[in-house]
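Colleague: Below is the file entry.txt, with compact mmCIF, N, CA and C atoms.
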# COMPACT_ATOMS: atom_id res chain seq x y z
N MET A 730 0.84 -1.18 0.00
CA MET A 730 0.00 0.00 0.00
C MET A 730 0.88 1.24 0.00
N ASP A 731 0.44 2.22 -0.76
CA ASP A 731 1.11 3.50 -0.75
C ASP A 731 0.10 4.56 -1.16
N ALA A 732 0.55 5.75 -1.42
CA ALA A 732 -0.35 6.85 -1.74
C ALA A 732 -1.16 6.57 -3.01
N ALA A 733 -0.64 5.73 -3.89
CA ALA A 733 -1.33 5.42 -5.14
C ALA A 733 -2.42 4.36 -4.95
N GLY A 734 -2.42 3.70 -3.82
CA GLY A 734 -3.43 2.69 -3.57
C GLY A 734 -2.83 1.40 -3.04
N SER A 735 -3.56 0.33 -3.22
CA SER A 735 -3.09 -0.97 -2.74
C SER A 735 -2.99 -1.92 -3.92
N ARG A 736 -2.15 -2.91 -3.77
CA ARG A 736 -2.00 -3.91 -4.82
C ARG A 736 -1.49 -5.20 -4.19
N PHE A 737 -1.72 -6.27 -4.87
CA PHE A 737 -1.29 -7.58 -4.41
C PHE A 737 -0.29 -8.14 -5.39
N THR A 738 0.67 -8.87 -4.88
CA THR A 738 1.66 -9.52 -5.72
C THR A 738 1.73 -10.99 -5.37
N ARG A 739 1.59 -11.84 -6.36
CA ARG A 739 1.70 -13.27 -6.13
C ARG A 739 3.18 -13.64 -6.08
N LEU A 740 3.58 -14.31 -5.02
CA LEU A 740 4.97 -14.73 -4.87
C LEU A 740 5.16 -16.14 -5.40
N THR A 741 6.36 -16.41 -5.88
CA THR A 741 6.70 -17.79 -6.23
C THR A 741 6.87 -18.56 -4.93
N ALA A 742 6.92 -19.87 -5.02
CA ALA A 742 7.09 -20.69 -3.82
C ALA A 742 8.41 -20.36 -3.13
N ALA A 743 9.46 -20.12 -3.91
CA ALA A 743 10.77 -19.78 -3.33
C ALA A 743 10.72 -18.43 -2.62
N GLU A 744 10.07 -17.45 -3.23
CA GLU A 744 9.95 -16.13 -2.60
C GLU A 744 9.14 -16.22 -1.31
N ALA A 745 8.06 -16.97 -1.35
CA ALA A 745 7.22 -17.12 -0.17
C ALA A 745 7.97 -17.81 0.97
N ALA A 746 8.79 -18.77 0.64
CA ALA A 746 9.55 -19.49 1.67
C ALA A 746 10.56 -18.59 2.35
N GLU A 747 11.07 -17.59 1.63
CA GLU A 747 12.09 -16.69 2.16
C GLU A 747 11.52 -15.46 2.85
N SER A 748 10.24 -15.17 2.64
CA SER A 748 9.69 -13.93 3.18
C SER A 748 8.79 -14.20 4.37
N LYS A 749 8.58 -13.16 5.15
CA LYS A 749 7.69 -13.21 6.30
C LYS A 749 6.64 -12.13 6.10
N PRO A 750 5.37 -12.44 6.31
CA PRO A 750 4.33 -11.42 6.09
C PRO A 750 4.44 -10.27 7.08
N THR A 751 4.08 -9.09 6.63
CA THR A 751 4.04 -7.90 7.48
C THR A 751 2.81 -7.95 8.38
N ALA A 752 1.73 -8.50 7.82
CA ALA A 752 0.46 -8.61 8.55
C ALA A 752 -0.33 -9.78 7.98
N ALA A 753 -1.21 -10.32 8.81
CA ALA A 753 -2.03 -11.45 8.36
C ALA A 753 -3.40 -11.39 9.03
N ILE A 754 -4.39 -11.84 8.29
CA ILE A 754 -5.75 -11.99 8.82
C ILE A 754 -6.10 -13.46 8.65
N HIS A 755 -6.57 -14.08 9.72
CA HIS A 755 -6.88 -15.50 9.69
C HIS A 755 -8.38 -15.71 9.79
N GLY A 756 -8.92 -16.51 8.89
CA GLY A 756 -10.34 -16.83 8.91
C GLY A 756 -10.68 -17.78 7.78
N THR A 757 -11.92 -18.24 7.77
CA THR A 757 -12.37 -19.09 6.68
C THR A 757 -12.59 -18.25 5.42
N ALA A 758 -12.76 -18.91 4.31
CA ALA A 758 -13.03 -18.18 3.06
C ALA A 758 -14.31 -17.36 3.20
N SER A 759 -15.30 -17.94 3.85
CA SER A 759 -16.56 -17.22 4.06
C SER A 759 -16.35 -15.98 4.91
N GLU A 760 -15.58 -16.12 5.99
CA GLU A 760 -15.31 -14.97 6.86
C GLU A 760 -14.53 -13.89 6.11
N MET A 761 -13.59 -14.29 5.28
CA MET A 761 -12.81 -13.31 4.51
C MET A 761 -13.71 -12.54 3.54
N ALA A 762 -14.62 -13.26 2.87
CA ALA A 762 -15.54 -12.60 1.95
C ALA A 762 -16.44 -11.62 2.71
N LEU A 763 -16.95 -12.05 3.86
CA LEU A 763 -17.79 -11.16 4.66
C LEU A 763 -17.01 -9.93 5.12
N LEU A 764 -15.75 -10.11 5.48
CA LEU A 764 -14.92 -8.98 5.89
C LEU A 764 -14.70 -8.02 4.73
N MET A 765 -14.42 -8.53 3.54
CA MET A 765 -14.16 -7.69 2.38
C MET A 765 -15.39 -6.87 1.99
N TYR A 766 -16.58 -7.40 2.28
CA TYR A 766 -17.82 -6.66 2.02
C TYR A 766 -18.31 -5.92 3.25
N MET A 767 -17.45 -5.86 4.28
CA MET A 767 -17.72 -5.14 5.52
C MET A 767 -19.01 -5.62 6.19
N ARG A 768 -19.27 -6.92 6.13
CA ARG A 768 -20.46 -7.50 6.74
C ARG A 768 -20.20 -8.02 8.15
N ILE A 769 -18.91 -8.19 8.50
CA ILE A 769 -18.53 -8.57 9.86
C ILE A 769 -17.43 -7.62 10.31
N PRO A 770 -17.32 -7.37 11.61
CA PRO A 770 -16.26 -6.47 12.09
C PRO A 770 -14.89 -7.14 12.00
N ALA A 771 -13.90 -6.34 11.71
CA ALA A 771 -12.54 -6.87 11.60
C ALA A 771 -12.09 -7.54 12.88
N GLY A 772 -12.56 -7.04 14.01
CA GLY A 772 -12.17 -7.60 15.30
C GLY A 772 -12.66 -9.02 15.54
N SER A 773 -13.56 -9.50 14.68
CA SER A 773 -14.08 -10.86 14.86
C SER A 773 -13.13 -11.91 14.29
N LEU A 774 -12.09 -11.48 13.58
CA LEU A 774 -11.10 -12.39 13.03
C LEU A 774 -9.76 -12.18 13.72
N ARG A 775 -8.94 -13.20 13.70
CA ARG A 775 -7.61 -13.09 14.32
C ARG A 775 -6.68 -12.36 13.35
N MET A 776 -6.06 -11.31 13.85
CA MET A 776 -5.13 -10.52 13.06
C MET A 776 -3.78 -10.49 13.75
N GLU A 777 -2.73 -10.55 12.94
CA GLU A 777 -1.37 -10.53 13.46
C GLU A 777 -0.54 -9.54 12.66
N GLY A 778 0.45 -8.98 13.29
CA GLY A 778 1.39 -8.12 12.57
C GLY A 778 1.06 -6.64 12.69
N ASP A 779 1.34 -5.92 11.64
CA ASP A 779 1.23 -4.47 11.59
C ASP A 779 -0.25 -4.04 11.60
N ALA A 780 -0.76 -3.64 12.75
CA ALA A 780 -2.16 -3.26 12.89
C ALA A 780 -2.51 -2.05 12.03
N ASP A 781 -1.60 -1.09 11.91
CA ASP A 781 -1.86 0.09 11.08
C ASP A 781 -2.04 -0.30 9.62
N LEU A 782 -1.22 -1.20 9.13
CA LEU A 782 -1.32 -1.66 7.75
C LEU A 782 -2.67 -2.35 7.51
N LEU A 783 -3.09 -3.18 8.45
CA LEU A 783 -4.38 -3.85 8.32
C LEU A 783 -5.52 -2.85 8.32
N GLN A 784 -5.46 -1.84 9.17
CA GLN A 784 -6.51 -0.82 9.20
C GLN A 784 -6.54 -0.03 7.89
N GLN A 785 -5.38 0.26 7.32
CA GLN A 785 -5.33 0.96 6.03
C GLN A 785 -5.97 0.12 4.94
N LEU A 786 -5.66 -1.18 4.93
CA LEU A 786 -6.23 -2.08 3.93
C LEU A 786 -7.76 -2.13 4.08
N LEU A 787 -8.24 -2.28 5.30
CA LEU A 787 -9.68 -2.34 5.51
C LEU A 787 -10.35 -1.01 5.12
N PHE A 788 -9.68 0.10 5.35
CA PHE A 788 -10.21 1.41 4.94
C PHE A 788 -10.35 1.47 3.42
N VAL A 789 -9.31 1.02 2.71
CA VAL A 789 -9.34 1.04 1.25
C VAL A 789 -10.48 0.16 0.74
N ILE A 790 -10.64 -1.01 1.34
CA ILE A 790 -11.70 -1.93 0.93
C ILE A 790 -13.07 -1.31 1.17
N SER A 791 -13.23 -0.66 2.31
CA SER A 791 -14.54 -0.10 2.66
C SER A 791 -14.95 1.04 1.75
N ARG A 792 -14.01 1.66 1.07
CA ARG A 792 -14.30 2.81 0.20
C ARG A 792 -14.73 2.38 -1.19
N ARG A 793 -14.66 1.09 -1.51
CA ARG A 793 -15.00 0.62 -2.86
C ARG A 793 -16.45 0.29 -2.98
Would it be possible to restate this file's structure as C-alpha cells?
Modeller:
Amino acid sequence: MDAAGSRFTRLTAAEAAESKPTAAIHGTASEMALLMYMRIPAGSLRMEGDADLLQQLLFVISRR
C-alpha cells in the first residue's frame, strides 16, 4: 500500500519461503468474503502483525 493505492503480488514458492508477512488476517473463506464486504467487524477475526497496515487495507476496501 502507498499513496497510489493498494495492490497484491503473487509470490513464487521460493519467494514465499524466504519472506515473512508484514500482517495477516486469519479466517475461513466465508469470513474473509464477509470482511471484504464489511459484513462482519474486523475484530471478529484473528489478526497478526502491523495493525496500522491492516486498518489501512480495511479502509481502502470499505471505500469501494
Colleague: How would you write, as an NGL selection string, the set of residues in chain A that DSSP gives as strand (DSSP E)?
Modeller: :A and (752-755 or 775-778)
Colleague: Which is closer to A:His755 than all the others in A:Ala733, A:Ala742, A:Met776, A:Leu787, using all atoms listed in the file?
Modeller: A:Met776
Colleague: Pick out the closest residue to A:Gly756 from this set: A:Ala743, A:Gln784, A:Ile769, A:Ile790. Count only C-alpha atoms.
Modeller: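 Of A:Ala743, A:Gln784, A:Ile769, A:Ile790, the one nearest A:Gly756, counting only C-alpha atoms, is A:Ile769.
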Colleague: Go ahead and compute the interatomic distance for atom C of A:Arg736 and atom CA of A:Leu782, in Å to one decimal.
Modeller: 12.5 Å
Colleague: Give me the residues within 7 Å of A:Tyr766 as a list in words, counting only N, CA and C atoms and dropping any in the same chain fewer than 4 places off.
Modeller: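 Selected residues are Met761, Ala762 and Ser791 of chain A.
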Colleague: By how many Å are atom CA of A:Ser759 and atom CA of A:Leu774 apart?
Modeller: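 Value for the atom CA of A:Ser759-atom CA of A:Leu774 distance: 11.6 Å.
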Colleague: Find the residue from A:Arg792, A:Ala780, A:Phe737, A:Gln785 that sits nearest to A:Ala753; use all atoms listed in the file when measuring.
Modeller: A:Ala780
